[in-house]
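Working notes for the structure below.
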Amino acid sequence: MRTSIPLPTPRRSLRSLLVLLLLLLGPYIAVRHLSEYVVPSSFKSYTASPASVRSSSPWERESSDKLDYSHGEGLRNGRKLAVWTGSTDDGEELGAGDDRVRYGANDDSGDGRAQSSFQFEPSHLDPSTPQHTFLPNGLLIPSTAAPHPIYTLLKTSQRRWKEKLAKQSKTLAQAVDEYRRRYARDPPRGFERWWAYAERNGVQLKDEYDQIHRDLEPFHAFTPNKLQALVREASSKSGMYSISCPGITHTKLSKVKPGSNKAKLRRPSSKCVYKVVETGLNEEGRRVASERAEAQLELLEDIEDLLEEVKVVMYSHDVPWQFVGHEYKIILANVTLSQIDDAHLGWASACAPHKPLRETYDPDVLPDMDSLWAGDKSFVWDHQATMDPCIHPTLTHLVGFLSGHGKGPGPSKELYPVLAMCKTTLHADVLGVSMEAWTEDVGDDPAWEEKKDDRMLWRGKTTGIYFKNDVPWNISQRVNLVHQAAQISGYLPTFEVPSRESPETPVGHPIDLSLSQLNSELMDVGFVDEAIQCDEEICKQVEEGYKFAGRKDWNQGNQYKYLLDIDGNGWSARFKRLMSTNSVVLKSTIFPEWYTDRIQPWVHYIPIKADLTDLYDALSFFRGGNDDLAKEIAVAGKEWSKTFWRKEDMVAYQFRLFLEYARLTAPDQEKASFRLRGDELR
């Protein structure tokens, strides 16, 4: 009986077979691959149906694989949209059909925060059904065939917040490992003292300090000698003050008392001290600088003996200081300063070459405000991403802090490790904690149900820009708000709000609603006092052409359910107080702050785009039968203010920042690092 012996397949025949299979299966694989196309790792391609977005979008690109974010809107006629399908902060991808980032079931995670009474259980979790589009520029583009986008934003944000809370480090060992995982380096020396302070004082979200990393990362390319020279130079500049702390590392022999032969080790005074550079400051400037320096010493008082030895330079004004070109920030690799000459680019010089502000946006063409208000809908899902002028170039015209400088200043040729009270994503300052926003007093504040006015309140001065003929003051943020809220004619496209009995109803196309009626029912907005920061002729024009209304004190303001927080000349110092009330806060800003990684839009506050074109839709949604959802955000926001923005949380941020700064400027950065591994601490 013969047995067959298997013969090896010739390599040439195997190759031929593989080629044949590839020819047969190639088209199928290609189609499947394109439908799953990733742009880049956390973004998937999604082809929108013509009905999924309004057909008048300016986003269409006829023959380009690149996404154009220059208008911050959608695409039309089935063009591709980049879809952020979501990811947890530890890199786990969440698919478009994953209920953790869609609507999901009742969440019983038990953290006691952002528990919503509203349960939305759609039947269409299949990713092939219409879904809203999450763009990498921070905007959600609605699909008319999907439910109202704010339902999606509420549930998505609640889940992201709960996931962030759940995954925080519980021990020092875990925190050390997480630090190394995020930043690929050792923590700074004194990290265990920082952890002990955070534990002792109930600081939450102990891993969420990415803002410090983003701000300080460029400085790790410098040598300690260079950094020390930069600190010395910066500390002598006008408008600066420096904080010097001896820290925990200094000890010396001192007598117990005069005449005694006994001696013991005793730490000398660990008190931090400050020095203001008064050159170039007027009397008011000197007073303000000293007060801000004193406030920083007060903030550090409880931990100054736990710090490393450090000298930190701070800018005394309430605006950003450093504007550095993109090329200089990446130098620090094979480019000499003489090769960098992009002053003519203005604000765009801070952006990478492929970003819209630098590549495609024309700074000489102003946005058409009527077209913006009547254009395609979009909503904020990632607030920090929407603050970036590099991918939202119209911000350079719509935000007075930027447009007041015209095309923008020329970039600095040096990068200083200086702390500032605020910054934009274009600026190179290191963001510190400002004590001026701190308050626990909100006045008389009735409960939500007892508030007398369902409208949104805003009062403010004509700040944000200096009003003169050669700048676009008439489209700046505050003017845009007051102008639109005073309209008594015309119509505004606005989404209808479905009944709570059928929240899965497709949102459909916006319908035109009377602006007069919308403003009457939704808005109480106006400038106060008289026009300021303006040439005389323009001041008169502003006072005659825009609404000025009476001031509201805190008690009067607290009678409103909806309070708007909007930028002025710089960051807004109102936010902490507003968040501590029983009202819900709507916030529009381009200034990230120290707490930005530690708060969740749509859970603790309602994020609004800088052009304000989503404002009426947001208010209409909550006023249109969703009062309880607005109340939940108000309650969660107040709880966040009381539990995540305490003085101890501010101290913890500044403590960690000062440790990082001390390591940067130490003669030996390796010795100034925390070397123990997580497994050595368990």
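Identifiers for the structure tokens are assigned positionally: chains receive A, B, ... in sequence, residues are indexed from 1 per chain, and ligands are indexed from 1 in the order shown.
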### Message
Set the distance at 10 Å and use only C-alpha atoms: which residues neighbour Gln556 of chain A once local chain neighbours fewer than 4 positions away are removed? I'd like the list as number ranges by chain.
### Response
A: 443-445, 452, 551-552, 560
### Query
Using only C-alpha atoms, which residues sit within 10 Å of segment 538-541 of chain A once same-chain residues fewer than 6 positions away are excluded, as a PyMOL selection string?
chain A and resi 462+466-469+473+530-532
Take the residues that were just selected and, keeping C-alpha atoms, output them as a PDB file, in the first residue's frame.
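Resulting contents of part.pdb:
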```pdb
ATOM      1  CA  THR A 462     -16.389  97.616  25.722  1.00  0.00           C
ATOM      2  CA  TYR A 466      -8.940  99.110  21.317  1.00  0.00           C
ATOM      3  CA  PHE A 467     -11.663 100.626  19.136  1.00  0.00           C
ATOM      4  CA  LYS A 468     -10.128 102.612  16.282  1.00  0.00           C
ATOM      5  CA  ASN A 469     -10.510 102.889  12.530  1.00  0.00           C
ATOM      6  CA  TRP A 473     -13.511  96.219  16.247  1.00  0.00           C
ATOM      7  CA  GLU A 530     -19.946 104.266  28.633  1.00  0.00           C
ATOM      8  CA  ALA A 531     -17.675 103.243  25.776  1.00  0.00           C
ATOM      9  CA  ILE A 532     -14.027 102.912  26.783  1.00  0.00           C
TER      10      ILE A 532
END
```
### Task
Pick out each residue of segment 534-567 of chain A that DSSP on the backbone tags as alpha helix (DSSP H); I need them as a PyMOL selection string.
chain A and resi 536-545+554-557
Please identify all polymer residues within 8 Å of segment 584-601 of chain A, counting only C-alpha atoms, omitting same-chain residues fewer than 4 positions from it, and present them as an mmCIF file with N, CA and C atoms, in the first residue's frame.
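Below is the file selection_31.cif, written as the result:
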```cif
data_model
loop_
_atom_site.group_PDB
_atom_site.id
_atom_site.type_symbol
_atom_site.label_atom_id
_atom_site.label_comp_id
_atom_site.auth_asym_id
_atom_site.auth_seq_id
_atom_site.Cartn_x
_atom_site.Cartn_y
_atom_site.Cartn_z
ATOM 1 N N SER A 157 -19.973 63.378 26.823
ATOM 2 C CA SER A 157 -19.148 64.097 27.805
ATOM 3 C C SER A 157 -19.271 63.491 29.190
ATOM 4 N N TRP A 161 -15.989 62.015 31.245
ATOM 5 C CA TRP A 161 -15.648 62.502 32.577
ATOM 6 C C TRP A 161 -15.559 61.347 33.566
ATOM 7 N N LEU A 205 -7.981 63.954 40.504
ATOM 8 C CA LEU A 205 -7.361 63.988 39.176
ATOM 9 C C LEU A 205 -5.853 64.225 39.290
ATOM 10 N N GLU A 208 -3.729 64.554 35.984
ATOM 11 C CA GLU A 208 -4.097 65.482 34.915
ATOM 12 C C GLU A 208 -3.349 66.812 35.028
ATOM 13 N N TYR A 209 -2.081 66.753 34.665
ATOM 14 C CA TYR A 209 -1.251 67.953 34.660
ATOM 15 C C TYR A 209 -0.542 68.103 33.321
ATOM 16 N N ASP A 210 -1.237 67.732 32.249
ATOM 17 C CA ASP A 210 -0.628 67.795 30.923
ATOM 18 C C ASP A 210 -0.292 69.222 30.507
ATOM 19 N N GLN A 211 -1.028 70.214 31.023
ATOM 20 C CA GLN A 211 -0.743 71.599 30.654
ATOM 21 C C GLN A 211 0.679 71.983 31.057
ATOM 22 N N TRP A 381 -17.154 70.093 20.885
ATOM 23 C CA TRP A 381 -17.037 68.872 21.697
ATOM 24 C C TRP A 381 -15.705 68.841 22.430
ATOM 25 N N ASP A 382 -14.646 69.439 21.867
ATOM 26 C CA ASP A 382 -13.340 69.545 22.522
ATOM 27 C C ASP A 382 -13.027 71.035 22.602
ATOM 28 N N HIS A 383 -13.263 71.626 23.762
ATOM 29 C CA HIS A 383 -13.173 73.080 23.872
ATOM 30 C C HIS A 383 -11.756 73.572 23.623
ATOM 31 N N GLN A 384 -10.774 72.873 24.142
ATOM 32 C CA GLN A 384 -9.403 73.347 23.990
ATOM 33 C C GLN A 384 -8.979 73.354 22.527
ATOM 34 N N THR A 386 -10.844 73.958 19.993
ATOM 35 C CA THR A 386 -11.480 75.078 19.301
ATOM 36 C C THR A 386 -10.841 76.416 19.651
ATOM 37 N N MET A 387 -9.936 76.433 20.637
ATOM 38 C CA MET A 387 -9.252 77.666 21.016
ATOM 39 C C MET A 387 -8.027 77.944 20.159
ATOM 40 N N ASP A 388 -7.678 77.049 19.264
ATOM 41 C CA ASP A 388 -6.417 77.129 18.528
ATOM 42 C C ASP A 388 -6.588 77.912 17.227
ATOM 43 N N CYS A 422 -2.127 84.219 31.880
ATOM 44 C CA CYS A 422 -2.930 83.603 30.836
ATOM 45 C C CYS A 422 -2.094 83.502 29.568
ATOM 46 N N LYS A 423 -2.591 82.716 28.616
ATOM 47 C CA LYS A 423 -1.907 82.550 27.345
ATOM 48 C C LYS A 423 -2.909 82.024 26.332
ATOM 49 N N THR A 424 -2.600 82.172 25.062
ATOM 50 C CA THR A 424 -3.327 81.469 24.015
ATOM 51 C C THR A 424 -2.448 80.326 23.535
ATOM 52 N N THR A 425 -2.977 79.511 22.644
ATOM 53 C CA THR A 425 -2.166 78.412 22.115
ATOM 54 C C THR A 425 -1.059 78.926 21.195
ATOM 55 N N LEU A 431 1.950 78.624 31.775
ATOM 56 C CA LEU A 431 0.713 79.019 32.436
ATOM 57 C C LEU A 431 0.785 78.739 33.934
ATOM 58 N N GLY A 432 0.597 79.773 34.728
ATOM 59 C CA GLY A 432 0.582 79.618 36.175
ATOM 60 C C GLY A 432 -0.820 79.795 36.727
ATOM 61 N N VAL A 433 -0.956 79.635 38.023
ATOM 62 C CA VAL A 433 -2.240 79.814 38.699
ATOM 63 C C VAL A 433 -2.367 81.270 39.130
ATOM 64 N N LYS A 561 -30.995 82.140 35.203
ATOM 65 C CA LYS A 561 -30.589 80.734 35.139
ATOM 66 C C LYS A 561 -29.347 80.536 34.275
ATOM 67 N N TYR A 562 -29.140 81.423 33.302
ATOM 68 C CA TYR A 562 -28.045 81.255 32.347
ATOM 69 C C TYR A 562 -27.131 82.471 32.413
ATOM 70 N N LEU A 563 -25.826 82.211 32.629
ATOM 71 C CA LEU A 563 -24.837 83.281 32.745
ATOM 72 C C LEU A 563 -23.735 83.043 31.718
ATOM 73 N N LEU A 564 -23.421 84.059 30.942
ATOM 74 C CA LEU A 564 -22.383 83.942 29.905
ATOM 75 C C LEU A 564 -21.066 84.488 30.418
ATOM 76 N N ASP A 565 -19.995 83.724 30.189
ATOM 77 C CA ASP A 565 -18.633 84.164 30.508
ATOM 78 C C ASP A 565 -17.876 84.279 29.196
ATOM 79 N N ILE A 566 -17.362 85.468 28.913
ATOM 80 C CA ILE A 566 -16.723 85.735 27.634
ATOM 81 C C ILE A 566 -15.453 86.547 27.872
ATOM 82 N N ASP A 567 -14.466 86.379 27.015
ATOM 83 C CA ASP A 567 -13.182 87.052 27.196
ATOM 84 C C ASP A 567 -13.318 88.567 27.090
ATOM 85 N N GLY A 570 -8.220 90.016 28.064
ATOM 86 C CA GLY A 570 -7.496 88.758 28.207
ATOM 87 C C GLY A 570 -8.456 87.712 28.735
ATOM 88 N N TRP A 571 -7.957 86.867 29.603
ATOM 89 C CA TRP A 571 -8.785 85.831 30.210
ATOM 90 C C TRP A 571 -9.850 86.453 31.109
ATOM 91 N N LEU A 578 -18.857 82.586 38.817
ATOM 92 C CA LEU A 578 -20.055 82.143 38.104
ATOM 93 C C LEU A 578 -20.297 80.649 38.307
ATOM 94 N N MET A 579 -19.214 79.865 38.291
ATOM 95 C CA MET A 579 -19.350 78.419 38.454
ATOM 96 C C MET A 579 -19.784 78.042 39.869
ATOM 97 N N TYR A 605 -20.156 72.849 32.385
ATOM 98 C CA TYR A 605 -20.554 74.120 31.768
ATOM 99 C C TYR A 605 -20.890 73.860 30.302
ATOM 100 N N ILE A 606 -21.445 74.851 29.632
ATOM 101 C CA ILE A 606 -21.814 74.736 28.220
ATOM 102 C C ILE A 606 -20.773 75.495 27.401
ATOM 103 N N PRO A 607 -19.986 74.797 26.580
ATOM 104 C CA PRO A 607 -18.965 75.485 25.784
ATOM 105 C C PRO A 607 -19.591 76.153 24.559
ATOM 106 N N ILE A 608 -19.154 77.351 24.259
ATOM 107 C CA ILE A 608 -19.670 78.119 23.125
ATOM 108 C C ILE A 608 -18.494 78.544 22.240
ATOM 109 N N LYS A 609 -18.678 78.448 20.946
ATOM 110 C CA LYS A 609 -17.631 78.834 20.003
ATOM 111 C C LYS A 609 -17.321 80.326 20.122
ATOM 112 N N ALA A 610 -16.123 80.697 19.724
ATOM 113 C CA ALA A 610 -15.727 82.103 19.821
ATOM 114 C C ALA A 610 -16.543 82.990 18.902
ATOM 115 N N LEU A 612 -19.687 82.568 18.437
ATOM 116 C CA LEU A 612 -20.986 82.596 19.126
ATOM 117 C C LEU A 612 -22.142 82.049 18.291
ATOM 118 N N ALA A 630 -30.407 71.412 31.960
ATOM 119 C CA ALA A 630 -29.636 72.616 32.289
ATOM 120 C C ALA A 630 -29.354 72.671 33.786
ATOM 121 N N LYS A 631 -30.339 72.322 34.581
ATOM 122 C CA LYS A 631 -30.144 72.313 36.032
ATOM 123 C C LYS A 631 -29.051 71.325 36.422
ATOM 124 N N ILE A 633 -26.439 70.443 34.727
ATOM 125 C CA ILE A 633 -25.132 71.044 34.452
ATOM 126 C C ILE A 633 -24.812 72.104 35.503
ATOM 127 N N ALA A 634 -25.807 72.900 35.887
ATOM 128 C CA ALA A 634 -25.584 73.915 36.921
ATOM 129 C C ALA A 634 -25.151 73.276 38.234
ATOM 130 N N VAL A 635 -25.827 72.199 38.627
ATOM 131 C CA VAL A 635 -25.499 71.511 39.884
ATOM 132 C C VAL A 635 -24.106 70.893 39.799
ATOM 133 N N GLY A 637 -21.685 71.777 37.822
ATOM 134 C CA GLY A 637 -20.688 72.845 37.747
ATOM 135 C C GLY A 637 -20.364 73.423 39.107
ATOM 136 N N TRP A 640 -18.326 70.918 40.985
ATOM 137 C CA TRP A 640 -16.943 70.934 40.485
ATOM 138 C C TRP A 640 -16.175 72.113 41.084
ATOM 139 N N PHE A 644 -13.149 70.713 42.890
ATOM 140 C CA PHE A 644 -11.989 70.625 42.001
ATOM 141 C C PHE A 644 -11.264 71.958 41.843
ATOM 142 N N TRP A 645 -11.890 73.037 42.281
ATOM 143 C CA TRP A 645 -11.244 74.342 42.235
ATOM 144 C C TRP A 645 -11.257 74.953 43.633
ATOM 145 N N TYR A 653 -1.387 72.476 41.922
ATOM 146 C CA TYR A 653 -0.909 72.761 40.564
ATOM 147 C C TYR A 653 0.396 73.564 40.619
#
```
#### Entry: Picked from segment 217-435 of chain A by DSSP as strand (DSSP E or B), as a PyMOL selection string
chain A and resi 240-245+252-255+263-266+273-276+310-315+323-324+379-380+412+418-420+427+430-431
